[in-house]
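Engineer: Dumping the structure here so I can ask a few things about it.
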Amino acid sequence: MRCCFSAHLPALAALSAFPGPCEVLRSGARLAPALLRSASAAVRRVRSWHPDDLTAVNLELVTLTEDTAVITWYTGIPGTDDGLGHPLPAITEGEVVYGTHPARLNRSASEGRATAHHQVELTGLEPGQTYYYQARSRGAAATPTPLHLVRGNAVGTSAFGLGSGGGPYSFTTPQPPPGRHLLSIALCNDLHLGETTAGLVGGIPLLRGVVQQPGRAPYPELMSRALVAEARRRGADLLLAGGDISAGGSAHDLGEARRILDGFGAHGEDYFVVRGNHDRSRDDAFRTTFPSEGAGPGYFSRDLGGLRIIGLDTYAKSGNGADAGGLGGEQLAWFQGQLRQQPDQPTLIFGHHPLTVRDSLFPVTRGQCLERRQARALVDAYASAPGVFLHHAGHTHRNKRTVLTRAPHVTHQEVAAAKEYPGGFTLVRIHSGGYALNHFKAGDVAARQWSERSRRVAAGLWPHHALGRSVTDRNSVRAHDLSGVMAHAGRE
């Protein structure tokens, strides 16, 4: 089945979904360096290799907080091919050496076990400090996903080390959010239970999609289960699932999603779900599986100890999903009324379609965001509601942070799909004087394996789109008065 992002690429027949010429040219300009890099790598693969050689690739600084950093990479056997243009796994140890000077990497961290899918977490870091690091496996320095070639940076918050074969690279830890930590919320979306092929784009032979390896669990299930476990391990008190819970809205797939999410806690208390365009069906199985106690069948407002959570149904309309999202007049009026009644209350809003899509690697079509006039109406409502601080969206399957000029106090955060590379969720750590957003990959071994395999979506260009062009697209800190929010019961 097609993923929701690919369903909106120009391959679809719906004329309204076609990108404009400027979008195609802009996308081509961004893709060209990555395509040249891929062609160069293909040429290098034809050389002969010694059997003991190892390649350490796809280095990424995924998570960066005030005192931790999570670094991932992959080790493979040079000259081999898993059928997707990716080297077969090389099981070996890995470590990260790091320090506060590029010539003195005098600290180290490792996983403690051999693997091909490396994930090392640096702890005990100092806020506001610049660190230099290098990831190594069997003496080979890991090289980064080349996102800097398309104005991104996979390995740090500065340009230090880019262009060198394996670093060291650098990052600077942020300051923590101001005030006392009150609660943490996991943001996720695009679980796509029932999907069997990631990245299918009809009519484009090159983009053939990626399937799970034989004998392994269906990837939407294993990624969703790993997400729930990782969110709990990272201290999430609540979980918000922002639509496209299923691949086609079937009762079976939604029921499986419900069973998985129930592993986090109770629906309507510990976790909340909104509907995406893929969750619509004639029998309205979504509404039966995830009954709403709110104002409408797909939208609601809940007060959780002073924090207002508003869930939106951003495809409350008929259609095939390739057109723009829409709230419907009744839901839009209800939403505007909610913000007018209590404009200063700390408010987090989540729905499937983003309000705007900026800086996309692929051509942007109408179907990738909310209908323009309604998006403008929401932003106008935010401008008059200083309590709103965060709008979480999915649908684009990428990590992207946007601040809109009309409502600069609101962070608009797109979160990558749970079902495929990079996998995982974004954790919101709410403090009395601000909040932090941090993206975490699911740490389960099977989830790491699928995440690495599914990076081949879109002919291997997917990381350039999905991970986030910069570390701040997936990790950021903002000040905001959230003193009216009560600490979660478990943190009293």
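Residue numbering restarts at 1 in every chain; chains get A, B, ... in the order shown in the structure tokens, and ligands count up from 1 in that same order.
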As a count of residues only, please: every residue in range 360-395 of chain A that DSSP puts in strand (DSSP E or B).

Structural biologist: 7

Engineer: Quick one: everything within 12 Å of Val155 in chain A, counting only C-alpha atoms, minus sequence neighbours fewer than 3 positions away in the same chain. Send it as a PyMOL selection string.

Structural biologist: chain A and resi 57-64+69-73+131-135+142-148+152+158-163+166-172+467-472

Engineer: Can you tell me, as a PyMOL selection string, what residues are no more than 10 Å from Asp444 in chain A when counting only C-alpha atoms, ignoring any on the same chain fewer than 5 positions away?

Structural biologist: chain A and resi 222-223+225-227+229-230+449

Engineer: Per residue of range 81-195 of chain A within 10 Å of range 404-417 of chain A, which atom pair is closest and at what distance in Å (one decimal), using only C-alpha atoms, listed by chain and increasing number, as CSV?

Structural biologist:
residue,atom,partner,partner_atom,distance
A:Leu187,CA,A:Val415,CA,7.5
A:Cys188,CA,A:Val415,CA,6.7
A:Asn189,CA,A:Ala417,CA,5.7
A:Asp190,CA,A:Ala417,CA,4.9
A:Leu191,CA,A:Ala417,CA,6.7
A:His192,CA,A:Ala417,CA,8.8

Engineer: List the neighbours of His118 in chain A out to 9 Å using only C-alpha atoms; skip same-chain residues closer than 4 positions along the sequence, and give me the result as a list in words.

Structural biologist: Ile71, Thr72, Trp73, Tyr74, Thr75, Glu93, Gly94, Glu95, Glu111, Ala114 and Arg448 of chain A

Engineer: Grab the residues selected above and save them as a PDB file, in the first residue's frame with N, CA, C and O atoms.

Structural biologist:
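Saved result, part_16.pdb, follows:
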ATOM      1  N   ILE A  71      23.692   9.088  19.171  1.00  0.00           N
ATOM      2  CA  ILE A  71      24.398   9.016  17.897  1.00  0.00           C
ATOM      3  C   ILE A  71      24.222   7.624  17.308  1.00  0.00           C
ATOM      4  O   ILE A  71      24.387   6.619  18.022  1.00  0.00           O
ATOM      5  N   THR A  72      23.877   7.536  16.042  1.00  0.00           N
ATOM      6  CA  THR A  72      23.647   6.242  15.394  1.00  0.00           C
ATOM      7  C   THR A  72      24.476   6.136  14.124  1.00  0.00           C
ATOM      8  O   THR A  72      24.801   7.129  13.488  1.00  0.00           O
ATOM      9  N   TRP A  73      24.815   4.885  13.755  1.00  0.00           N
ATOM     10  CA  TRP A  73      25.465   4.614  12.477  1.00  0.00           C
ATOM     11  C   TRP A  73      25.318   3.128  12.154  1.00  0.00           C
ATOM     12  O   TRP A  73      24.780   2.355  12.947  1.00  0.00           O
ATOM     13  N   TYR A  74      25.795   2.754  10.986  1.00  0.00           N
ATOM     14  CA  TYR A  74      25.621   1.383  10.498  1.00  0.00           C
ATOM     15  C   TYR A  74      26.954   0.857  10.008  1.00  0.00           C
ATOM     16  O   TYR A  74      27.724   1.584   9.372  1.00  0.00           O
ATOM     17  N   THR A  75      27.242  -0.421  10.305  1.00  0.00           N
ATOM     18  CA  THR A  75      28.447  -1.048   9.774  1.00  0.00           C
ATOM     19  C   THR A  75      28.062  -2.158   8.802  1.00  0.00           C
ATOM     20  O   THR A  75      27.197  -2.984   9.096  1.00  0.00           O
ATOM     21  N   GLU A  93      31.709  -4.247  17.311  1.00  0.00           N
ATOM     22  CA  GLU A  93      31.534  -3.271  18.376  1.00  0.00           C
ATOM     23  C   GLU A  93      31.612  -1.854  17.812  1.00  0.00           C
ATOM     24  O   GLU A  93      32.128  -1.631  16.721  1.00  0.00           O
ATOM     25  N   GLY A  94      31.093  -0.916  18.588  1.00  0.00           N
ATOM     26  CA  GLY A  94      31.171   0.487  18.208  1.00  0.00           C
ATOM     27  C   GLY A  94      31.373   1.358  19.424  1.00  0.00           C
ATOM     28  O   GLY A  94      30.926   1.014  20.526  1.00  0.00           O
ATOM     29  N   GLU A  95      32.044   2.469  19.239  1.00  0.00           N
ATOM     30  CA  GLU A  95      32.235   3.415  20.333  1.00  0.00           C
ATOM     31  C   GLU A  95      32.249   4.830  19.781  1.00  0.00           C
ATOM     32  O   GLU A  95      32.509   5.057  18.596  1.00  0.00           O
ATOM     33  N   GLU A 111      28.281   0.672  23.327  1.00  0.00           N
ATOM     34  CA  GLU A 111      27.026  -0.047  23.512  1.00  0.00           C
ATOM     35  C   GLU A 111      27.168  -1.267  24.405  1.00  0.00           C
ATOM     36  O   GLU A 111      26.200  -1.739  24.987  1.00  0.00           O
ATOM     37  N   ALA A 114      28.031  -6.327  20.398  1.00  0.00           N
ATOM     38  CA  ALA A 114      28.286  -6.223  18.961  1.00  0.00           C
ATOM     39  C   ALA A 114      26.973  -6.113  18.199  1.00  0.00           C
ATOM     40  O   ALA A 114      25.988  -6.773  18.526  1.00  0.00           O
ATOM     41  N   ARG A 448      15.520  -1.024  14.852  1.00  0.00           N
ATOM     42  CA  ARG A 448      16.727  -0.457  14.246  1.00  0.00           C
ATOM     43  C   ARG A 448      16.997  -1.093  12.882  1.00  0.00           C
ATOM     44  O   ARG A 448      17.404  -0.413  11.931  1.00  0.00           O
TER      45      ARG A 448
END

Engineer: Write out as a PyMOL selection string which residues come within 9 Å of range 123-130 of chain A when counting only C-alpha atoms, dropping same-chain ones fewer than 5 positions away.

Structural biologist: chain A and resi 65-70+99-101+109+170-176

Engineer: What's the separation between CA of Phe350 in chain A and CA of Gly248 in chain A, in Å to one decimal place?

Structural biologist: 20.8 Å

Engineer: Would you compute the distance between CA of Leu312 in chain A and CA of Gly243 in chain A? Give it in Å to one decimal.

Structural biologist: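 Computed distance, CA of Leu312 in chain A to CA of Gly243 in chain A, equals 9.5 Å.
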
Engineer: Find the residues of range 197-283 of chain A that sit at most 9 Å from range 388-403 of chain A; for each, write down the nearest two atoms and how far apart they are in Å, to one decimal. Count only C-alpha atoms. Sort by chain, then by number going up, and give it as CSV.

Structural biologist:
residue,atom,partner,partner_atom,distance
A:Gly242,CA,A:Gly394,CA,6.3
A:Gly243,CA,A:Gly394,CA,7.3
A:Asp244,CA,A:His395,CA,7.7
A:Gly276,CA,A:His395,CA,8.1
A:Asn277,CA,A:His395,CA,8.9

Engineer: Hey, can you spit out that residue selection with N, CA and C atoms as a PDB file, in the first residue's frame?

Structural biologist:
ATOM      1  N   GLY A 242      -0.971  11.417  16.126  1.00  0.00           N
ATOM      2  CA  GLY A 242      -1.547  12.402  15.220  1.00  0.00           C
ATOM      3  C   GLY A 242      -1.972  11.875  13.866  1.00  0.00           C
ATOM      4  N   GLY A 243      -2.770  10.830  13.823  1.00  0.00           N
ATOM      5  CA  GLY A 243      -3.408  10.435  12.575  1.00  0.00           C
ATOM      6  C   GLY A 243      -2.644   9.452  11.715  1.00  0.00           C
ATOM      7  N   ASP A 244      -3.368   8.883  10.742  1.00  0.00           N
ATOM      8  CA  ASP A 244      -2.890   7.780   9.905  1.00  0.00           C
ATOM      9  C   ASP A 244      -2.382   6.644  10.790  1.00  0.00           C
ATOM     10  N   GLY A 276      -6.512  10.535  10.671  1.00  0.00           N
ATOM     11  CA  GLY A 276      -5.844  11.041   9.477  1.00  0.00           C
ATOM     12  C   GLY A 276      -6.604  10.623   8.240  1.00  0.00           C
ATOM     13  N   ASN A 277      -6.163  11.073   7.078  1.00  0.00           N
ATOM     14  CA  ASN A 277      -6.888  10.753   5.849  1.00  0.00           C
ATOM     15  C   ASN A 277      -6.901   9.249   5.557  1.00  0.00           C
TER      16      ASN A 277
END

Engineer: Can you pull out every residue within 12 Å of Trp334 in chain A, counting only C-alpha atoms, but drop anything in the same chain fewer than 2 positions away, and send it as a list in words?

Structural biologist: Gly294, Ala295, Gly296, Tyr299, Phe300, Ser301, Ile310, Gly311, Leu312, Leu327, Gly328, Gly329, Glu330, Gln331, Leu332, Gln336, Gly337, Gln338, Leu339, Arg340, Gln341, Leu378 and Ala381 of chain A

Engineer: By how many Å are CA of Asn106 in chain A and CA of Gly443 in chain A apart?

Structural biologist: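 CA of Asn106 in chain A sits 26.5 Å away from CA of Gly443 in chain A.
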